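So the structure is just underneath, and the comments pick up after that.
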Amino acid sequence: MFLSVACLSLALSACQSTDLAQGVTAPALPKAYDGAPYRAAPARANTMAWWDGFHDRTLSSLVSRAESMNLTVAMAHQSLTAARALANSATAGYQLDTSVSGMANAATGSRIKDDFTRRPVQLNLDASWEIPLFGQDKQAQKMSDLSVAMATEDVAAAKVAVTAEIASNYVHLRALQKRRLDTAELVGLLENNAKIAGVKEQAGLATAVENEPMRAGLDTAKSTLLLLDSEIANTRQQIATLLGTATPDPALMRYEPQPVAAAGMAEGRPADLLRARPDVLRAEYAVGQAAAQVGLAKADLYPKLRLNGTIGIGTPVSNSILGAFAGPSIQLPIFDYGRRKDAVAAREAEFQQSVLVYRQTVLTAYEEASRALHELNAARARTALLRSRLQRMSKLKSSTEILVREGLAEKSKSIAGSIDLLDLRSSLTESIEAEARATIAFYKATRGMQPAVSGDDAKRPAKLEGRK
């Protein structure tokens, strides 16, 4: 009997597909990003994390703490732990399954049954095994392994997103603090201007109507101070939330200079950099998982073979109390074959959809990197122009102050020059912030070009088999 079952198993397994997985190709990308400078800085071998390029100890400390304290990252780690636990028993349904059962039937009199399956008192050891003739076990294991891979990329994506968000909020905070200092200085200048205007008004050299725009400007500057204080507090609280706490870091209360983005950009082919993005890798693994689901759906079109056996002890009996039974069972998809064919068609459509999602993810990643480069180039050019203009205006202000000291010009002209200078400094602060944020966006779009993670997160699976 067992020989015939083995022969039947070999005959059915000859029908199975040797490889149900299918490959996926990424869309063609240019050799350089759209918006990249004509001459990029030569790439340097550097294992330093990109945020350290700002040379800001507070920022580096915040990023380091967020990797262990951020709750979104912690939730992603728990999902990864769950996926790994489920992967350990992915093929349990195709392994030998055993169970112990007992039975006792009450009856009058003593009945002796030589058929041990019908004895009044029984203790049985049951075993069954579904033979994966068409690679169902391999497909199930592949799906679980890819679930682990996708969860691993979710952890990496959470870290990239949190790192970029902390850096962006930190850059914004320092810009707000710089603007607040300049606005407080502006309020002082406007108050001095208002005093001079008040003296002129008392002397009959000016009217209240003429001085009203000056007083309105002072009120606007004071109102801006209040708004900046509120936004600074909110930004500190946002950073605290990213760190998984409700208490802002005391280091953020102190003013520090604005972080300045690094001048050079590393070279690299878009296809090489974007392939390392967690969302791109996750979409790629999703294609493999969809292919495995196609394989499982196709396997359901064929018969299923199961071996069942029982070893029991029963009484009362006229001879041996031991008994055994074993035999195969075959499940044939006859009446629901149409439903299973529909399931295959649905899984194949889902596979094609996952391929399109993968390609769209790659294109979106390239678009994000190119947009960030456009914004970075524009911000750098604007920053350079504002710095040049600020130098010229500083020289003019120095000349005006000399004239005021010599009595050749009114003090109000010096104050007006200082106000114009503060307005230009405010524009420069915004441009430096925009440049830093565009740098952060570019590094986020290219997965930060950061060193490989260590520990469990570094255990990423190999690329999908059969991918072209």
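Identifiers in this document derive from the order of the structure tokens: chains are assigned A, B, ..., residues are numbered from 1 separately in each chain, and ligands are numbered from 1 in order of occurrence.
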Any idea what's packed within 9 Å of segment 160-169 of chain A, counting only C-alpha atoms, ignoring anything in its chain fewer than 5 positions away? Could you give it as a list of chain:residue names?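 Here the qualifying residues turn out to be A:Trp51, A:Leu59, A:Ser60, A:Leu62, A:Val63, A:Ser64, A:Ala66, A:Glu67, A:Asn70, A:Thr72, A:Val73, A:Val155, A:Arg174, A:Thr235, A:Arg236, A:Gln238, A:Ile239, A:Leu242, A:Leu243, A:Pro278, A:Glu433, A:Ala436, A:Arg437, A:Ile440, A:Ala441, A:Tyr443, A:Lys444, A:Arg447, A:Gly448.
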At a cut-off of 9 Å, using only C-alpha atoms, what residues contact Ser418 of chain A? Leave out same-chain residues fewer than 2 positions from it and give the result as number ranges by chain. A: 186, 189, 394, 397, 413-416, 420-423
What are the nearest atom pairs, with distances in Å to one decimal, for all residues of segment 222-333 of chain A that come at most 10 Å from segment 352-365 of chain A, using only C-alpha atoms, set out by chain and rising residue number as a Markdown table?
| residue | atom | partner | partner_atom | distance |
| --- | --- | --- | --- | --- |
| A:Pro270 | CA | A:Ala365 | CA | 9.4 |
| A:Ala271 | CA | A:Val362 | CA | 8.7 |
| A:Leu273 | CA | A:Ala365 | CA | 9.9 |
| A:Leu274 | CA | A:Ala365 | CA | 6.7 |
| A:Arg275 | CA | A:Val362 | CA | 7.9 |
| A:Arg277 | CA | A:Ala365 | CA | 8.2 |
| A:Asp279 | CA | A:Thr361 | CA | 7.2 |
| A:Val280 | CA | A:Thr361 | CA | 6.0 |
| A:Leu281 | CA | A:Tyr358 | CA | 8.6 |
| A:Arg282 | CA | A:Tyr358 | CA | 8.5 |
| A:Ala283 | CA | A:Tyr358 | CA | 4.9 |
| A:Glu284 | CA | A:Tyr358 | CA | 5.9 |
| A:Tyr285 | CA | A:Tyr358 | CA | 9.1 |
| A:Ala286 | CA | A:Ser354 | CA | 6.6 |
| A:Val287 | CA | A:Ser354 | CA | 5.3 |
| A:Gly288 | CA | A:Ser354 | CA | 8.9 |
| A:Gln289 | CA | A:Ser354 | CA | 9.2 |
| A:Ala290 | CA | A:Ser354 | CA | 7.0 |
| A:Ala291 | CA | A:Gln352 | CA | 9.2 |
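Between Trp50 of chain A and the residues A:Ala184, A:Leu29, A:Ala90, A:Ala261, the shortest atom-to-atom distance, using only C-alpha atoms, involves A:Ala261.
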DSSP-assigned strand (DSSP E) members of segment 151-351 of chain A, reported as a ChimeraX atom specification: /A:304-315,322-331
